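Following: one structure in structure tokens, then a few remarks.
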Amino acid sequence: MRESRLQILLVERGIEPYKGALALPGGFLQHPEESLTAAAHRELSEEADMDVATLTLEHLGVYGDPGRDPRGRVVSVAFLAIAPWLPEPTAGTDAANAEWQEIDRVLSGELELAFDHRRIVADGVERARVKLEHSALATAFCGPTFTITDLQEVYEAVWGIRLDPRNFYRKVQKTDGFIVAAGSERKSATGRPARLFKAGPRKVLYPPMVRPTELLTPEEQ
């Protein structure tokens with residue numbers, strides 16, 4: 001999350017194929033004994049200089065359609081890491097540049113990605129959206145204390161939709177142990193004090209924070 005927008009780490013490829021194009025960081029196994037997770041950590045470190053010790057990678061999917069790579073039949077295993085407060089990346093090895101980019105620019109096609117990486121990004125975003133429905137992950141992207149409006153902004157950024165504040169407040173308060181009162185207040189933009197909360201003990205949300213099926217109209221937004 002940067003400036004209340006969901007971001008993804010992309011690199012500019014420094015070699016063919018697709019030299020100069022944006023892509024997800026990645027590469028080939030270094031040797032037959034290297035595990036897939038170790039390879040993912042290594043590539044993140046080599047291509048973007050990310051501190052992999054702070055990241056927890058989870059398996060996202062396997063991509064192996066014929067023709068997805070002009071070099072031949074290549075099967076890719078994708079991993080997903082969702083974490084707050086990540087630093088600026090630094091390009092290395094075969095990446096000419098590494099930077100955070102807004103998810104919306106990728107999903108809309110404004111930014112073209114090499115290979116089938118846009119499909120992989122879309123799958124990763126959907127996984128992140130589902131995780132916010134069923135876990136307390138969103139609180140990690142807020143400060144130690146936060147308002148419900150702060151929490152709502154995280155959900156809006158990840159889900160890519162505007163939420164009705166009253167419905168959101170009701171859902172959050174209905175989920176026992178999701179957030180707990182911090183015992184203090186913060187002045188809002190309107191001058192009225194807003195209650196502060198902190199992350200509660202519950203990590204799995206029940207009932208889940210299901211995405212609304214009816215979106216706000218432009219007038220309501």
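In the structure tokens, the first chain shown is A, the next is B, and so on; residue numbers restart at 1 for each chain, and ligands run from 1 in the order shown.
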(request) Can you pull out every residue within 12 Å of Leu132 of chain A, counting only C-alpha atoms, but drop anything in the same chain fewer than 2 positions away, and send it as a VMD selection string? (result) chain A and resid 82 125 to 130 134 to 141 151 to 152 154 to 159 178 203 to 206 208 to 211
(request) Among the residues of chain A, find those DSSP assigns to helix (DSSP H, G or I) from the backbone and print them as number ranges by chain. (result) A: 36-48, 52-54, 103-107, 117-134, 137-141, 148-159, 165-174
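Among the candidates A:Thr147, A:Arg170, A:Phe28, A:Asp164, the one nearest to Phe197 of chain A when counting only C-alpha atoms is A:Thr147.
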(request) Return as a list in words the full set of residues in segment 5-53 of chain A whose backbone-based DSSP assignment is strand (DSSP E or B). (result)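 Residues meeting the strand (DSSP E or B) criterion: Arg5, Gln7, Ile8, Leu9, Leu10, Val11, Glu12, Arg13, Leu22 and Ala23 of chain A.
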(message) What's the separation between atom CA of Ala96 of chain A and atom CA of Asp49 of chain A, in Å to one decimal place?
(response)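 Rounded to one decimal, the two atoms are 12.5 Å apart.
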(message) Using only C-alpha atoms, can you tell me which of A:Ile148, A:Ile15, A:Leu24, A:Val180 comes closest to Asp94 of chain A?
(response) A:Ile15
(message) Excluding Glu102 of chain A and its own-chain neighbours fewer than 6 positions away, which residues fall within 7 Å of it when counting only C-alpha atoms? Please give them as a PyMOL selection string.
(response) chain A and resi 5-8
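The coordinates place atom CA of Thr56 of chain A at 27.4 Å from atom CA of Asp69 of chain A.
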(request) Considering only C-alpha atoms, state which residue in the set A:Arg105, A:Arg68, A:Lys174, A:His117 is at the smallest distance from Ala21 of chain A. (result) A:His117
(message) Env of Ala78 of chain A: 8 Å cut, atoms = only C-alpha atoms, seq-sep filter 3 positions within chain, self excluded. Answer as a list in words.
(response)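 Once the nearby chain positions are removed, what remains is His59, Leu60, Gly61, Val62, Tyr63 and Ile120 of chain A.
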Take the residues that were just selected and, keeping C-alpha atoms, output them as a PDB file, in the first residue's frame.
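Once everything was written out, this is result21.pdb:
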```pdb
ATOM      1  CA  HIS A  59       2.135 -20.743  -3.488  1.00  0.00           C
ATOM      2  CA  LEU A  60      -0.197 -19.002  -5.940  1.00  0.00           C
ATOM      3  CA  GLY A  61      -0.378 -21.184  -9.035  1.00  0.00           C
ATOM      4  CA  VAL A  62       1.329 -23.034 -11.880  1.00  0.00           C
ATOM      5  CA  TYR A  63       1.391 -21.577 -15.401  1.00  0.00           C
ATOM      6  CA  ILE A 120      -0.606 -14.044 -12.938  1.00  0.00           C
TER       7      ILE A 120
END
```
Neighbouring residues of Ala38 of chain A were defined as those with any atom within 12 Å, considering only C-alpha atoms; residues of the same chain fewer than 2 positions away were excluded. Please report them as a PDB file with N, CA, C and O atoms, in the first residue's frame.
```
ATOM      1  N   GLY A  26      11.544 -12.822 -11.447  1.00  0.00           N
ATOM      2  CA  GLY A  26      11.565 -14.284 -11.500  1.00  0.00           C
ATOM      3  C   GLY A  26      12.699 -14.779 -12.359  1.00  0.00           C
ATOM      4  O   GLY A  26      13.460 -14.001 -12.941  1.00  0.00           O
ATOM      5  N   GLY A  27      12.810 -16.099 -12.445  1.00  0.00           N
ATOM      6  CA  GLY A  27      13.873 -16.676 -13.251  1.00  0.00           C
ATOM      7  C   GLY A  27      13.865 -18.181 -13.159  1.00  0.00           C
ATOM      8  O   GLY A  27      12.943 -18.782 -12.604  1.00  0.00           O
ATOM      9  N   PHE A  28      14.897 -18.783 -13.703  1.00  0.00           N
ATOM     10  CA  PHE A  28      14.987 -20.235 -13.758  1.00  0.00           C
ATOM     11  C   PHE A  28      15.628 -20.791 -12.485  1.00  0.00           C
ATOM     12  O   PHE A  28      16.354 -20.091 -11.768  1.00  0.00           O
ATOM     13  N   LEU A  29      15.372 -22.055 -12.224  1.00  0.00           N
ATOM     14  CA  LEU A  29      16.071 -22.747 -11.147  1.00  0.00           C
ATOM     15  C   LEU A  29      17.571 -22.702 -11.414  1.00  0.00           C
ATOM     16  O   LEU A  29      18.013 -22.847 -12.557  1.00  0.00           O
ATOM     17  N   GLN A  30      18.346 -22.521 -10.352  1.00  0.00           N
ATOM     18  CA  GLN A  30      19.796 -22.404 -10.508  1.00  0.00           C
ATOM     19  C   GLN A  30      20.470 -23.756 -10.693  1.00  0.00           C
ATOM     20  O   GLN A  30      21.461 -23.872 -11.400  1.00  0.00           O
ATOM     21  N   HIS A  31      19.925 -24.794 -10.042  1.00  0.00           N
ATOM     22  CA  HIS A  31      20.475 -26.143 -10.152  1.00  0.00           C
ATOM     23  C   HIS A  31      19.373 -27.138  -9.797  1.00  0.00           C
ATOM     24  O   HIS A  31      18.359 -26.767  -9.190  1.00  0.00           O
ATOM     25  N   PRO A  32      19.516 -28.405 -10.153  1.00  0.00           N
ATOM     26  CA  PRO A  32      18.440 -29.386  -9.953  1.00  0.00           C
ATOM     27  C   PRO A  32      18.009 -29.555  -8.499  1.00  0.00           C
ATOM     28  O   PRO A  32      16.857 -29.936  -8.239  1.00  0.00           O
ATOM     29  N   GLU A  33      18.885 -29.269  -7.538  1.00  0.00           N
ATOM     30  CA  GLU A  33      18.546 -29.479  -6.136  1.00  0.00           C
ATOM     31  C   GLU A  33      17.896 -28.253  -5.489  1.00  0.00           C
ATOM     32  O   GLU A  33      17.478 -28.322  -4.331  1.00  0.00           O
ATOM     33  N   GLU A  34      17.816 -27.129  -6.200  1.00  0.00           N
ATOM     34  CA  GLU A  34      17.241 -25.914  -5.607  1.00  0.00           C
ATOM     35  C   GLU A  34      15.719 -26.049  -5.496  1.00  0.00           C
ATOM     36  O   GLU A  34      15.039 -26.394  -6.455  1.00  0.00           O
ATOM     37  N   SER A  35      15.173 -25.758  -4.331  1.00  0.00           N
ATOM     38  CA  SER A  35      13.722 -25.830  -4.152  1.00  0.00           C
ATOM     39  C   SER A  35      13.061 -24.627  -4.817  1.00  0.00           C
ATOM     40  O   SER A  35      13.698 -23.589  -5.053  1.00  0.00           O
ATOM     41  N   LEU A  36      11.765 -24.756  -5.100  1.00  0.00           N
ATOM     42  CA  LEU A  36      11.044 -23.671  -5.756  1.00  0.00           C
ATOM     43  C   LEU A  36      10.985 -22.429  -4.868  1.00  0.00           C
ATOM     44  O   LEU A  36      11.156 -21.310  -5.337  1.00  0.00           O
ATOM     45  N   ALA A  40      12.536 -18.691  -5.572  1.00  0.00           N
ATOM     46  CA  ALA A  40      11.728 -17.468  -5.527  1.00  0.00           C
ATOM     47  C   ALA A  40      12.395 -16.425  -4.628  1.00  0.00           C
ATOM     48  O   ALA A  40      12.468 -15.239  -4.980  1.00  0.00           O
ATOM     49  N   HIS A  41      12.865 -16.860  -3.462  1.00  0.00           N
ATOM     50  CA  HIS A  41      13.570 -15.940  -2.573  1.00  0.00           C
ATOM     51  C   HIS A  41      14.836 -15.387  -3.234  1.00  0.00           C
ATOM     52  O   HIS A  41      15.138 -14.188  -3.141  1.00  0.00           O
ATOM     53  N   ARG A  42      15.577 -16.256  -3.897  1.00  0.00           N
ATOM     54  CA  ARG A  42      16.817 -15.828  -4.544  1.00  0.00           C
ATOM     55  C   ARG A  42      16.541 -14.798  -5.627  1.00  0.00           C
ATOM     56  O   ARG A  42      17.239 -13.772  -5.728  1.00  0.00           O
ATOM     57  N   GLU A  43      15.517 -15.056  -6.453  1.00  0.00           N
ATOM     58  CA  GLU A  43      15.211 -14.131  -7.546  1.00  0.00           C
ATOM     59  C   GLU A  43      14.749 -12.773  -7.009  1.00  0.00           C
ATOM     60  O   GLU A  43      15.094 -11.729  -7.565  1.00  0.00           O
ATOM     61  N   LEU A  44      13.958 -12.772  -5.937  1.00  0.00           N
ATOM     62  CA  LEU A  44      13.542 -11.497  -5.340  1.00  0.00           C
ATOM     63  C   LEU A  44      14.748 -10.716  -4.852  1.00  0.00           C
ATOM     64  O   LEU A  44      14.822  -9.496  -4.992  1.00  0.00           O
ATOM     65  N   SER A  45      15.687 -11.416  -4.269  1.00  0.00           N
ATOM     66  CA  SER A  45      16.888 -10.761  -3.754  1.00  0.00           C
ATOM     67  C   SER A  45      17.765 -10.260  -4.889  1.00  0.00           C
ATOM     68  O   SER A  45      18.269  -9.127  -4.854  1.00  0.00           O
ATOM     69  N   VAL A  52      14.421 -10.818   1.750  1.00  0.00           N
ATOM     70  CA  VAL A  52      13.503 -11.956   1.687  1.00  0.00           C
ATOM     71  C   VAL A  52      13.229 -12.558   3.062  1.00  0.00           C
ATOM     72  O   VAL A  52      12.244 -13.266   3.247  1.00  0.00           O
ATOM     73  N   ALA A  53      14.091 -12.265   4.044  1.00  0.00           N
ATOM     74  CA  ALA A  53      13.877 -12.821   5.380  1.00  0.00           C
ATOM     75  C   ALA A  53      12.610 -12.275   6.017  1.00  0.00           C
ATOM     76  O   ALA A  53      12.043 -12.893   6.927  1.00  0.00           O
ATOM     77  N   THR A  56       6.940 -13.706   3.735  1.00  0.00           N
ATOM     78  CA  THR A  56       6.411 -15.064   3.736  1.00  0.00           C
ATOM     79  C   THR A  56       5.755 -15.315   2.381  1.00  0.00           C
ATOM     80  O   THR A  56       4.750 -14.679   2.046  1.00  0.00           O
ATOM     81  N   LEU A  57       6.331 -16.218   1.610  1.00  0.00           N
ATOM     82  CA  LEU A  57       5.796 -16.522   0.284  1.00  0.00           C
ATOM     83  C   LEU A  57       4.811 -17.678   0.372  1.00  0.00           C
ATOM     84  O   LEU A  57       5.072 -18.671   1.045  1.00  0.00           O
ATOM     85  N   PHE A  79       4.502 -17.323  -6.785  1.00  0.00           N
ATOM     86  CA  PHE A  79       4.320 -17.168  -5.355  1.00  0.00           C
ATOM     87  C   PHE A  79       3.778 -15.772  -5.065  1.00  0.00           C
ATOM     88  O   PHE A  79       3.997 -14.837  -5.839  1.00  0.00           O
TER      89      PHE A  79
END
```
(request) Tell me which of A:Gly124, A:Gly200, A:Gly143, A:Pro66 sits closest to Pro84 of chain A, counting only C-alpha atoms. (result)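 The closest residue to Pro84 of chain A is A:Gly143.
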(request) Identify which of the residues A:Ala48, A:Ala23, A:Met1, A:Ala194 lies closest to Val106 of chain A, counting only C-alpha atoms when measuring atom-to-atom distances. (result)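 Among the listed residues, the smallest separation from Val106 of chain A belongs to A:Ala23.
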